[in-house]
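input00.pdb, holding PDB, C-alpha atoms:
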ATOM      1  CA  MET A  20       1.076   0.354  50.931
ATOM      2  CA  LEU A  21      -1.248   0.381  47.900
ATOM      3  CA  SER A  22      -2.889  -2.959  47.119
ATOM      4  CA  ARG A  23      -1.605  -2.797  43.533
ATOM      5  CA  THR A  24       1.998  -2.411  44.689
ATOM      6  CA  ALA A  25       1.672  -5.220  47.235
ATOM      7  CA  ASP A  26       0.094  -7.444  44.572
ATOM      8  CA  HIS A  27       2.960  -6.985  42.109
ATOM      9  CA  LEU A  28       5.619  -7.575  44.756
ATOM     10  CA  TYR A  29       3.843 -10.668  46.035
ATOM     11  CA  TRP A  30       3.477 -12.229  42.591
ATOM     12  CA  MET A  31       6.967 -11.195  41.489
ATOM     13  CA  SER A  32       8.453 -13.231  44.313
ATOM     14  CA  ARG A  33       6.064 -16.154  43.793
ATOM     15  CA  TYR A  34       7.009 -16.454  40.123
ATOM     16  CA  ILE A  35      10.731 -16.316  40.907
ATOM     17  CA  GLU A  36      10.350 -19.050  43.525
ATOM     18  CA  ARG A  37       8.190 -21.102  41.154
ATOM     19  CA  ALA A  38      10.803 -20.878  38.408
ATOM     20  CA  GLU A  39      13.500 -22.089  40.809
ATOM     21  CA  SER A  40      11.341 -24.943  42.123
ATOM     22  CA  LEU A  41      10.639 -26.153  38.586
ATOM     23  CA  ALA A  42      14.319 -25.830  37.697
ATOM     24  CA  ARG A  43      15.217 -27.975  40.714
ATOM     25  CA  LEU A  44      12.762 -30.672  39.649
ATOM     26  CA  VAL A  45      13.965 -30.692  36.052
ATOM     27  CA  ASP A  46      17.601 -30.710  37.164
ATOM     28  CA  ALA A  47      17.080 -33.671  39.516
ATOM     29  CA  HIS A  48      15.306 -35.728  36.850
ATOM     30  CA  TYR A  49      17.765 -34.668  34.157
ATOM     31  CA  ARG A  50      20.757 -35.792  36.215
ATOM     32  CA  MET A  51      19.083 -39.098  36.957
ATOM     33  CA  SER A  52      18.281 -39.576  33.254
ATOM     34  CA  LEU A  53      22.022 -39.649  32.571
ATOM     35  CA  LEU A  54      22.490 -42.655  34.874
ATOM     36  CA  PRO A  55      21.884 -46.291  33.861
ATOM     37  CA  HIS A  56      18.405 -47.331  34.994
ATOM     38  CA  SER A  57      15.045 -48.383  33.638
ATOM     39  CA  GLY A  58      13.491 -45.891  31.243
ATOM     40  CA  GLU A  59      10.100 -46.913  32.616
ATOM     41  CA  THR A  60      11.173 -45.821  36.113
ATOM     42  CA  LEU A  61      12.124 -42.354  34.875
ATOM     43  CA  ALA A  62       8.894 -42.001  32.879
ATOM     44  CA  GLN A  63       6.838 -43.049  35.902
ATOM     45  CA  SER A  64       8.628 -40.541  38.144
ATOM     46  CA  LEU A  65       8.119 -37.739  35.613
ATOM     47  CA  SER A  66       4.454 -38.627  35.164
ATOM     48  CA  SER A  67       3.681 -38.633  38.896
ATOM     49  CA  THR A  68       5.536 -35.344  39.362
ATOM     50  CA  MET A  69       3.708 -33.636  36.498
ATOM     51  CA  THR A  70       0.378 -34.892  37.813
ATOM     52  CA  ALA A  71       1.128 -33.481  41.266
ATOM     53  CA  LEU A  72       2.001 -30.128  39.671
ATOM     54  CA  HIS A  73      -1.136 -30.171  37.457
ATOM     55  CA  MET A  74       0.960 -30.063  34.274
ATOM     56  CA  GLU A  75       0.065 -33.406  32.716
ATOM     57  CA  GLU A  76      -3.097 -32.224  30.940
ATOM     58  CA  ALA A  77      -1.308 -29.313  29.243
ATOM     59  CA  TYR A  78       1.578 -31.595  28.248
ATOM     60  CA  ASN A  79      -0.718 -34.279  26.796
ATOM     61  CA  LYS A  80      -2.335 -31.750  24.451
ATOM     62  CA  HIS A  81       0.879 -31.693  22.409
ATOM     63  CA  HIS A  82       2.535 -35.037  23.227
ATOM     64  CA  GLU A  83       1.311 -38.613  23.044
ATOM     65  CA  SER A  84       3.570 -40.088  25.716
ATOM     66  CA  ILE A  85       5.993 -39.161  28.491
ATOM     67  CA  GLU A  86       9.368 -38.667  26.835
ATOM     68  CA  PRO A  87      12.068 -37.238  29.151
ATOM     69  CA  ARG A  88      13.514 -34.757  26.636
ATOM     70  CA  ALA A  89      10.045 -33.542  25.633
ATOM     71  CA  VAL A  90       9.039 -33.117  29.280
ATOM     72  CA  PHE A  91      12.229 -31.196  30.093
ATOM     73  CA  GLU A  92      11.705 -28.836  27.161
ATOM     74  CA  PHE A  93       7.996 -28.368  27.919
ATOM     75  CA  VAL A  94       8.549 -27.512  31.596
ATOM     76  CA  SER A  95      11.619 -25.357  30.909
ATOM     77  CA  LEU A  96      11.284 -23.622  27.550
ATOM     78  CA  ASP A  97       7.662 -23.634  26.359
ATOM     79  CA  ARG A  98       6.689 -20.041  25.513
ATOM     80  CA  ASP A  99       2.954 -20.711  25.294
ATOM     81  CA  TYR A 100       2.486 -22.671  28.520
ATOM     82  CA  SER A 101       1.948 -20.251  31.426
ATOM     83  CA  GLY A 102       3.475 -22.670  33.933
ATOM     84  CA  SER A 103       6.873 -23.127  32.250
ATOM     85  CA  ILE A 104      10.094 -21.761  33.730
ATOM     86  CA  PHE A 105      10.377 -19.323  30.830
ATOM     87  CA  SER A 106       6.846 -17.996  31.429
ATOM     88  CA  CYS A 107       7.469 -17.669  35.174
ATOM     89  CA  LEU A 108      10.571 -15.544  34.539
ATOM     90  CA  ARG A 109       8.604 -13.377  32.113
ATOM     91  CA  SER A 110       5.769 -12.880  34.632
ATOM     92  CA  ALA A 111       8.226 -12.081  37.435
ATOM     93  CA  ARG A 112       9.867  -9.404  35.301
ATOM     94  CA  GLU A 113       6.534  -7.884  34.271
ATOM     95  CA  ASN A 114       5.419  -7.619  37.887
ATOM     96  CA  ALA A 115       8.786  -6.112  38.869
ATOM     97  CA  ARG A 116       8.588  -3.544  36.064
ATOM     98  CA  ALA A 117       5.213  -2.364  37.370
ATOM     99  CA  VAL A 118       6.726  -1.500  40.778
ATOM    100  CA  ARG A 119      10.273  -0.409  39.914
ATOM    101  CA  GLY A 120       9.979   2.440  42.391
ATOM    102  CA  SER A 121       9.552  -0.020  45.260
ATOM    103  CA  LEU A 122      12.629  -2.045  44.302
ATOM    104  CA  THR A 123      16.277  -1.163  44.676
ATOM    105  CA  SER A 124      18.104  -0.472  41.420
ATOM    106  CA  GLU A 125      20.302  -3.547  42.027
ATOM    107  CA  LEU A 126      17.268  -5.814  42.354
ATOM    108  CA  TRP A 127      15.574  -4.449  39.244
ATOM    109  CA  GLU A 128      18.750  -4.716  37.161
ATOM    110  CA  THR A 129      19.370  -8.286  38.336
ATOM    111  CA  LEU A 130      15.810  -9.393  37.583
ATOM    112  CA  ASN A 131      15.616  -7.575  34.261
ATOM    113  CA  SER A 132      18.969  -8.920  33.039
ATOM    114  CA  SER A 133      17.868 -12.426  34.037
ATOM    115  CA  TRP A 134      14.772 -12.124  31.867
ATOM    116  CA  LEU A 135      16.697 -10.681  28.906
ATOM    117  CA  GLU A 136      19.227 -13.508  29.059
ATOM    118  CA  ALA A 137      16.468 -16.129  29.385
ATOM    119  CA  ARG A 138      14.703 -14.671  26.335
ATOM    120  CA  SER A 139      17.952 -14.830  24.390
ATOM    121  CA  LEU A 140      18.527 -18.455  25.371
ATOM    122  CA  VAL A 141      15.015 -19.583  24.470
ATOM    123  CA  ALA A 142      15.163 -17.737  21.125
ATOM    124  CA  ARG A 143      17.455 -20.501  19.928
ATOM    125  CA  ARG A 144      16.078 -23.778  18.618
ATOM    126  CA  SER A 145      15.163 -26.012  21.550
ATOM    127  CA  SER A 146      17.497 -28.733  20.261
ATOM    128  CA  GLN A 147      20.406 -26.318  20.708
ATOM    129  CA  VAL A 148      19.589 -25.559  24.361
ATOM    130  CA  ASP A 149      21.418 -27.651  26.936
ATOM    131  CA  ILE A 150      18.650 -28.367  29.469
ATOM    132  CA  GLY A 151      21.131 -29.153  32.237
ATOM    133  CA  GLN A 152      22.948 -25.855  31.798
ATOM    134  CA  PHE A 153      19.688 -23.911  31.475
ATOM    135  CA  VAL A 154      18.129 -25.130  34.741
ATOM    136  CA  GLU A 155      21.444 -24.689  36.561
ATOM    137  CA  TRP A 156      21.532 -21.092  35.278
ATOM    138  CA  VAL A 157      17.920 -20.540  36.474
ATOM    139  CA  LYS A 158      18.829 -21.751  39.963
ATOM    140  CA  GLU A 159      21.877 -19.483  40.078
ATOM    141  CA  ARG A 160      19.873 -16.455  38.949
ATOM    142  CA  SER A 161      17.165 -17.174  41.508
ATOM    143  CA  HIS A 162      19.800 -17.389  44.231
ATOM    144  CA  LEU A 163      21.267 -14.103  43.029
ATOM    145  CA  ILE A 164      17.875 -12.351  42.962
ATOM    146  CA  ARG A 165      17.066 -13.601  46.453
ATOM    147  CA  GLY A 166      20.482 -12.514  47.721
ATOM    148  CA  VAL A 167      20.096  -9.032  46.244
ATOM    149  CA  THR A 168      16.591  -8.795  47.727
ATOM    150  CA  ILE A 169      17.791  -9.645  51.229
ATOM    151  CA  GLY A 170      20.986  -7.657  50.896
ATOM    152  CA  THR A 171      19.620  -4.375  49.527
ATOM    153  CA  MET A 172      15.925  -3.903  50.383
ATOM    154  CA  LEU A 173      14.686  -1.857  53.307
ATOM    155  CA  ARG A 174      12.818  -3.993  55.856
ATOM    156  CA  ASP A 175       9.506  -2.313  55.104
ATOM    157  CA  GLU A 176       6.193  -3.598  53.788
ATOM    158  CA  ALA A 177       7.606  -4.092  50.279
ATOM    159  CA  PHE A 178      10.225  -6.503  51.635
ATOM    160  CA  HIS A 179       7.700  -8.406  53.756
ATOM    161  CA  PHE A 180       5.298  -8.923  50.844
ATOM    162  CA  THR A 181       8.119 -10.363  48.735
ATOM    163  CA  ARG A 182       8.932 -12.779  51.562
ATOM    164  CA  ILE A 183       5.292 -13.789  52.012
ATOM    165  CA  GLY A 184       5.078 -14.639  48.309
ATOM    166  CA  THR A 185       8.365 -16.548  48.393
ATOM    167  CA  PHE A 186       7.520 -18.793  51.327
ATOM    168  CA  LEU A 187       3.895 -19.396  50.371
ATOM    169  CA  GLU A 188       5.060 -20.599  46.954
ATOM    170  CA  ARG A 189       7.863 -22.660  48.495
ATOM    171  CA  ALA A 190       5.461 -24.418  50.871
ATOM    172  CA  ASP A 191       3.126 -25.199  47.972
ATOM    173  CA  SER A 192       6.006 -26.604  45.908
ATOM    174  CA  THR A 193       7.361 -28.816  48.697
ATOM    175  CA  ALA A 194       3.895 -30.188  49.466
ATOM    176  CA  ARG A 195       3.200 -30.972  45.804
ATOM    177  CA  ILE A 196       6.560 -32.706  45.347
ATOM    178  CA  LEU A 197       5.756 -34.861  48.382
ATOM    179  CA  THR A 198       2.330 -35.555  46.871
ATOM    180  CA  ALA A 199       4.047 -37.222  43.911
ATOM    181  CA  HIS A 200       5.492 -39.800  46.333
ATOM    182  CA  GLN A 201       2.678 -40.043  48.870
ATOM    183  CA  SER A 202       1.647 -43.619  48.015
ATOM    184  CA  ASP A 203       4.630 -44.937  49.972
ATOM    185  CA  LEU A 204       3.176 -43.491  53.186
ATOM    186  CA  ILE A 205      -0.457 -44.540  53.064
ATOM    187  CA  PRO A 206      -1.910 -46.007  56.284
ATOM    188  CA  GLY A 207      -0.511 -49.496  56.833
ATOM    189  CA  ALA A 208       2.478 -49.052  54.524
ATOM    190  CA  ASP A 209       5.911 -49.961  55.870
ATOM    191  CA  ALA A 210       7.498 -46.515  56.272
ATOM    192  CA  GLY A 211      10.871 -48.072  56.946
ATOM    193  CA  VAL A 212      11.125 -49.659  53.493
ATOM    194  CA  VAL A 213      11.835 -47.803  50.259
ATOM    195  CA  PRO A 214      10.014 -49.405  47.303
ATOM    196  CA  ASP A 215      11.941 -47.218  44.866
ATOM    197  CA  PRO A 216      15.056 -45.425  46.209
ATOM    198  CA  TYR A 217      15.473 -43.681  42.835
ATOM    199  CA  GLN A 218      12.274 -41.655  43.158
ATOM    200  CA  TRP A 219      12.925 -40.627  46.761
ATOM    201  CA  SER A 220      16.479 -39.553  45.962
ATOM    202  CA  VAL A 221      15.070 -37.405  43.124
ATOM    203  CA  LEU A 222      12.725 -35.786  45.641
ATOM    204  CA  LEU A 223      15.583 -35.000  48.032
ATOM    205  CA  ARG A 224      17.809 -33.615  45.288
ATOM    206  CA  ALA A 225      14.979 -31.439  43.965
ATOM    207  CA  LEU A 226      14.780 -29.789  47.395
ATOM    208  CA  SER A 227      18.551 -29.603  47.973
ATOM    209  CA  ALA A 228      18.087 -32.005  50.863
ATOM    210  CA  PHE A 229      20.049 -35.092  49.759
ATOM    211  CA  GLU A 230      23.292 -34.179  51.537
ATOM    212  CA  VAL A 231      21.330 -32.738  54.468
ATOM    213  CA  TYR A 232      19.484 -36.047  54.863
ATOM    214  CA  ARG A 233      22.774 -37.923  55.064
ATOM    215  CA  ARG A 234      24.107 -35.503  57.662
ATOM    216  CA  VAL A 235      20.972 -35.606  59.824
ATOM    217  CA  TYR A 236      20.155 -39.327  59.741
ATOM    218  CA  ARG A 237      23.355 -41.064  58.558
ATOM    219  CA  ASP A 238      21.160 -43.907  57.333
ATOM    220  CA  VAL A 239      19.493 -45.320  54.229
ATOM    221  CA  ILE A 240      16.699 -43.291  52.672
ATOM    222  CA  THR A 241      13.256 -44.201  54.048
ATOM    223  CA  PRO A 242       9.912 -42.502  53.291
ATOM    224  CA  PHE A 243       9.223 -41.842  56.989
ATOM    225  CA  LYS A 244      12.481 -39.956  57.557
ATOM    226  CA  VAL A 245      12.280 -38.049  54.264
ATOM    227  CA  ALA A 246       8.755 -36.874  55.093
ATOM    228  CA  GLN A 247       9.813 -35.956  58.625
ATOM    229  CA  LEU A 248      12.740 -33.945  57.283
ATOM    230  CA  LEU A 249      10.657 -32.029  54.742
ATOM    231  CA  ILE A 250       7.583 -31.462  56.902
ATOM    232  CA  LEU A 251       8.605 -31.003  60.534
ATOM    233  CA  ARG A 252      12.226 -29.811  60.614
ATOM    234  CA  ASP A 253      12.471 -26.098  61.425
ATOM    235  CA  ASP A 254      16.119 -25.949  60.314
ATOM    236  CA  ILE A 255      15.428 -27.111  56.727
ATOM    237  CA  PRO A 256      14.918 -24.046  54.460
ATOM    238  CA  ARG A 257      12.276 -25.753  52.305
ATOM    239  CA  SER A 258      10.390 -27.689  54.977
ATOM    240  CA  LEU A 259       6.690 -27.000  55.466
ATOM    241  CA  LEU A 260       7.283 -25.940  59.061
ATOM    242  CA  ARG A 261       9.965 -23.406  58.107
ATOM    243  CA  CYS A 262       7.873 -21.938  55.291
ATOM    244  CA  CYS A 263       4.781 -21.549  57.470
ATOM    245  CA  LYS A 264       6.862 -19.925  60.207
ATOM    246  CA  GLU A 265       8.217 -17.344  57.755
ATOM    247  CA  VAL A 266       4.773 -16.639  56.280
ATOM    248  CA  TYR A 267       3.354 -16.081  59.772
ATOM    249  CA  ASN A 268       6.190 -13.785  60.904
ATOM    250  CA  ASN A 269       6.004 -11.654  57.760
ATOM    251  CA  LEU A 270       2.205 -11.458  57.943
ATOM    252  CA  LYS A 271       2.502 -10.066  61.467
ATOM    253  CA  ALA A 272       4.794  -7.340  60.108
ATOM    254  CA  VAL A 273       2.198  -6.109  57.583
ATOM    255  CA  ALA A 274      -0.957  -6.679  59.653
ATOM    256  CA  ASN A 275      -3.856  -4.259  59.157
ATOM    257  CA  GLU A 276      -7.340  -3.877  60.603
ATOM    258  CA  HIS A 277      -8.734  -6.548  58.258
ATOM    259  CA  SER A 278      -6.079  -9.251  58.597
ATOM    260  CA  ALA A 279      -6.547 -10.599  62.143
ATOM    261  CA  GLU A 280      -8.244 -13.815  60.983
ATOM    262  CA  THR A 281      -5.655 -14.365  58.245
ATOM    263  CA  GLU A 282      -2.855 -13.924  60.760
ATOM    264  CA  ARG A 283      -4.596 -16.319  63.154
ATOM    265  CA  ARG A 284      -4.921 -19.024  60.489
ATOM    266  CA  ALA A 285      -1.281 -18.635  59.481
ATOM    267  CA  GLY A 286      -0.276 -18.969  63.129
ATOM    268  CA  GLU A 287      -2.534 -21.999  63.497
ATOM    269  CA  MET A 288      -0.830 -23.737  60.558
ATOM    270  CA  HIS A 289       2.586 -22.981  62.020
ATOM    271  CA  ALA A 290       1.550 -24.236  65.471
ATOM    272  CA  MET A 291       0.049 -27.417  64.012
ATOM    273  CA  LEU A 292       3.328 -28.280  62.260
ATOM    274  CA  HIS A 293       5.434 -27.205  65.238
ATOM    275  CA  PHE A 294       3.653 -29.428  67.764
ATOM    276  CA  THR A 295       2.549 -32.425  65.703
ATOM    277  CA  ARG A 296       4.491 -35.700  65.534
ATOM    278  CA  MET A 297       5.361 -37.681  62.433
ATOM    279  CA  GLU A 298       3.618 -40.737  63.877
ATOM    280  CA  GLU A 299       0.341 -38.784  63.929
ATOM    281  CA  ILE A 300       0.765 -37.838  60.275
ATOM    282  CA  THR A 301       1.511 -41.401  59.141
ATOM    283  CA  ALA A 302      -1.355 -42.802  61.236
ATOM    284  CA  GLY A 303      -3.824 -40.869  59.112
ATOM    285  CA  GLY A 304      -1.745 -41.251  55.955
ATOM    286  CA  LEU A 305       0.480 -38.745  54.179
ATOM    287  CA  PRO A 306      -2.012 -38.289  51.293
ATOM    288  CA  HIS A 307      -4.722 -37.114  53.702
ATOM    289  CA  PHE A 308      -2.311 -34.787  55.505
ATOM    290  CA  LEU A 309      -0.998 -33.217  52.288
ATOM    291  CA  GLU A 310      -4.499 -32.782  50.866
ATOM    292  CA  GLN A 311      -5.566 -30.922  54.000
ATOM    293  CA  PHE A 312      -2.369 -28.883  54.105
ATOM    294  CA  LEU A 313      -2.687 -27.756  50.484
ATOM    295  CA  ALA A 314      -6.349 -26.843  51.020
ATOM    296  CA  ARG A 315      -5.439 -24.718  54.063
ATOM    297  CA  LEU A 316      -2.534 -23.147  52.189
ATOM    298  CA  HIS A 317      -4.826 -22.263  49.285
ATOM    299  CA  ASP A 318      -7.321 -20.751  51.725
ATOM    300  CA  LEU A 319      -4.524 -18.728  53.337
ATOM    301  CA  GLY A 320      -3.441 -17.446  49.923
ATOM    302  CA  ASP A 321      -7.020 -16.393  49.158
ATOM    303  CA  ARG A 322      -7.266 -14.572  52.490
ATOM    304  CA  ILE A 323      -3.981 -12.763  51.909
ATOM    305  CA  ALA A 324      -5.263 -11.673  48.506
ATOM    306  CA  SER A 325      -8.547 -10.477  50.046
ATOM    307  CA  ASP A 326      -6.849  -8.561  52.891
ATOM    308  CA  PHE A 327      -3.915  -6.992  51.062
ATOM    309  CA  LEU A 328      -3.922  -7.519  47.298
ATOM    310  CA  LEU A 329      -5.959  -6.579  44.233
ATOM    311  CA  PRO A 330      -9.296  -8.275  43.539
ATOM    312  CA  PRO A 331      -8.881 -10.903  40.751
ATOM    313  CA  ALA A 332     -10.714  -8.694  38.221
ATOM    314  CA  GLU A 333      -8.184  -5.895  38.707
ATOM    315  CA  ALA A 334      -5.014  -7.986  39.045
TER     316      ALA A 334
END

Is it possible to express this structure as structure tokens?
Amino acid sequence: MLSRTADHLYWMSRYIERAESLARLVDAHYRMSLLPHSGETLAQSLSSTMTALHMEEAYNKHHESIEPRAVFEFVSLDRDYSGSIFSCLRSARENARAVRGSLTSELWETLNSSWLEARSLVARRSSQVDIGQFVEWVKERSHLIRGVTIGTMLRDEAFHFTRIGTFLERADSTARILTAHQSDLIPGADAGVVPDPYQWSVLLRALSAFEVYRRVYRDVITPFKVAQLLILRDDIPRSLLRCCKEVYNNLKAVANEHSAETERRAGEMHAMLHFTRMEEITAGGLPHFLEQFLARLHDLGDRIASDFLLPPAEA
């Protein structure tokens, strides 16, 4: 497969996954904002989340303080910020348009119609857009696009590059969401106590893991068990272990003469998560573990780009 084609497919799927991840975060915080609680708690949760996602600097250029409605609109609807949900959908569609011949007609039509509808929604005044309905719509469209991808695409290199992009982005998102709550699992902290159940329930809801947590543990929410669920459980779709396993398996399917070291590092990350124990992670502290994981994930992304995709100057 041509590097240009692989590049567009890879980034198409990353932008779709990124849009859904942001929609999940906004939806979780938006739902919680409708419940009676301290406004300071919500602002603190939003601030730590935006910092973990590297959005706070861009937000502060146009806003003096963390206001929930302003944050929701900035993350969801801002046309000028490249990291907003709207911009992610636009970038996904542009990458898909460049490789229409590698996509099924159903996938292209689903992605293109999603972008056209998003553009129509955002064309309204932001005060007229129901944020709750918008992010719910984004999640539904992402689910539909993913379903059409799995249900209609040939299992060739094009399919595998879309899956690599999806799971690399998903791993990055899960790790960064955990980073926003990492202070509760620093060395010496009591992992069995929840300083703020509100923030940890937001985390679980953002990853569609709240009901799953109740089914698996049948217990109160604790940082130790939440981290264990989202890092080391192979049967959780958004866990770090599951994402790394999928990246490794799809990399093996597209391996070439240059990618042996990239494949080895992906396998090493998967093996590390598969065989490590949560006690080992908490002994060194969750912040240290997540920092190392994100650094290795970034390195893996760079190696994938070097082995298969366009050089940055040509992308």

Note to self: Here's the selection I'm unsure about, the PyMOL selection byres ((chain A and resi 274) around 12); applied to the file above, which residues does it give, as a PyMOL selection string?
What the structure shows: chain A and resi 20+176+179-180+266-273+275-283+285+323+326-327

Checklist line | Nearest to Ser227 (chain A) by atom-to-atom distance, counting all atoms listed in the file, from A:His317, A:Arg257, A:His162, A:Lys244 | finding: A:Arg257

Check: region 147-154 of chain A: which residues within 8 Å, counting only C-alpha atoms, same-chain residues fewer than 3 positions away excluded, as a list in words?
Finding: Ala42, Arg43, Val45, Asp46, Tyr49, Arg50, Phe91, Glu92, Ser95, Leu140, Val141, Arg143, Arg144, Val157 and Lys158 of chain A

Kindly provide the residues of region 24-68 of chain A that approach region 115-126 of chain A to within 12 Å, each paired with its closest atom pair and their distance in Å to one decimal, based on only C-alpha atoms, listed by chain and increasing number, as JSON lines.
{"residue": "A:Thr24", "atom": "CA", "partner": "A:Val118", "partner_atom": "CA", "distance": 6.2}
{"residue": "A:Ala25", "atom": "CA", "partner": "A:Val118", "partner_atom": "CA", "distance": 9.0}
{"residue": "A:Asp26", "atom": "CA", "partner": "A:Val118", "partner_atom": "CA", "distance": 9.7}
{"residue": "A:His27", "atom": "CA", "partner": "A:Ala115", "partner_atom": "CA", "distance": 6.7}
{"residue": "A:Leu28", "atom": "CA", "partner": "A:Ala115", "partner_atom": "CA", "distance": 6.8}
{"residue": "A:Tyr29", "atom": "CA", "partner": "A:Ala115", "partner_atom": "CA", "distance": 9.8}
{"residue": "A:Trp30", "atom": "CA", "partner": "A:Ala115", "partner_atom": "CA", "distance": 8.9}
{"residue": "A:Met31", "atom": "CA", "partner": "A:Ala115", "partner_atom": "CA", "distance": 6.0}
{"residue": "A:Ser32", "atom": "CA", "partner": "A:Ala115", "partner_atom": "CA", "distance": 9.0}
{"residue": "A:Arg33", "atom": "CA", "partner": "A:Ala115", "partner_atom": "CA", "distance": 11.5}
{"residue": "A:Tyr34", "atom": "CA", "partner": "A:Ala115", "partner_atom": "CA", "distance": 10.6}
{"residue": "A:Ile35", "atom": "CA", "partner": "A:Ala115", "partner_atom": "CA", "distance": 10.6}

Margin query: Residue by residue, what does the PyMOL selection byres ((chain A and resi 93) around 12) grab here? Present the result as a PyMOL selection string.
Written below: chain A and resi 41-42+45+69+74-75+77-82+85-92+94-106+141+145+150

Margin query: Evaluate the PyMOL selection byres ((chain A and resi 310) around 12) against this structure - the residues, as a list in words, please.
Written below: Ala71, Asp191, Ala194, Arg195, Leu197, Thr198, Ala199, Gln201, Ile300, Gly303, Gly304, Leu305, Pro306, His307, Phe308, Leu309, Gln311, Phe312, Leu313, Ala314, Arg315, Leu316 and His317 of chain A

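The gap separating CA of Leu222 (chain A) from CA of Thr60 (chain A) is 13.9 Å, in Å to one decimal.
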
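You can rank A:Glu136, A:Glu155, A:Glu128, A:Glu83 by their closest distance to Thr168 (chain A) using all atoms listed in the file, and at the top of that list sits A:Glu128.
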
Taking all atoms of region 92-98 of chain A that the file lists and extending 6 Å past them on each side, where is the centre of the axis-aligned box and how long are its edges? Answer in Å to one decimal, as JSON.
{"center_x": 9.2, "center_y": -24.4, "center_z": 28.6, "size_x": 17.0, "size_y": 20.8, "size_z": 18.1}

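The spacing separating CA of Glu159 (chain A) from CA of Trp219 (chain A) amounts to 23.9 Å.
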
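CA of Phe243 (chain A) lies 8.0 Å from CA of Thr301 (chain A).
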
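Distance annotation: of A:Phe186, A:Phe178, A:Trp134, A:Trp127, the residue with the minimal separation from Leu108 (chain A) is A:Trp134; atom set is all atoms listed in the file.
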
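Across A:Asp254, A:Ile183, A:Leu61, A:Met51, the tightest approach to Leu319 (chain A) is made by A:Ile183 when counting all atoms listed in the file.
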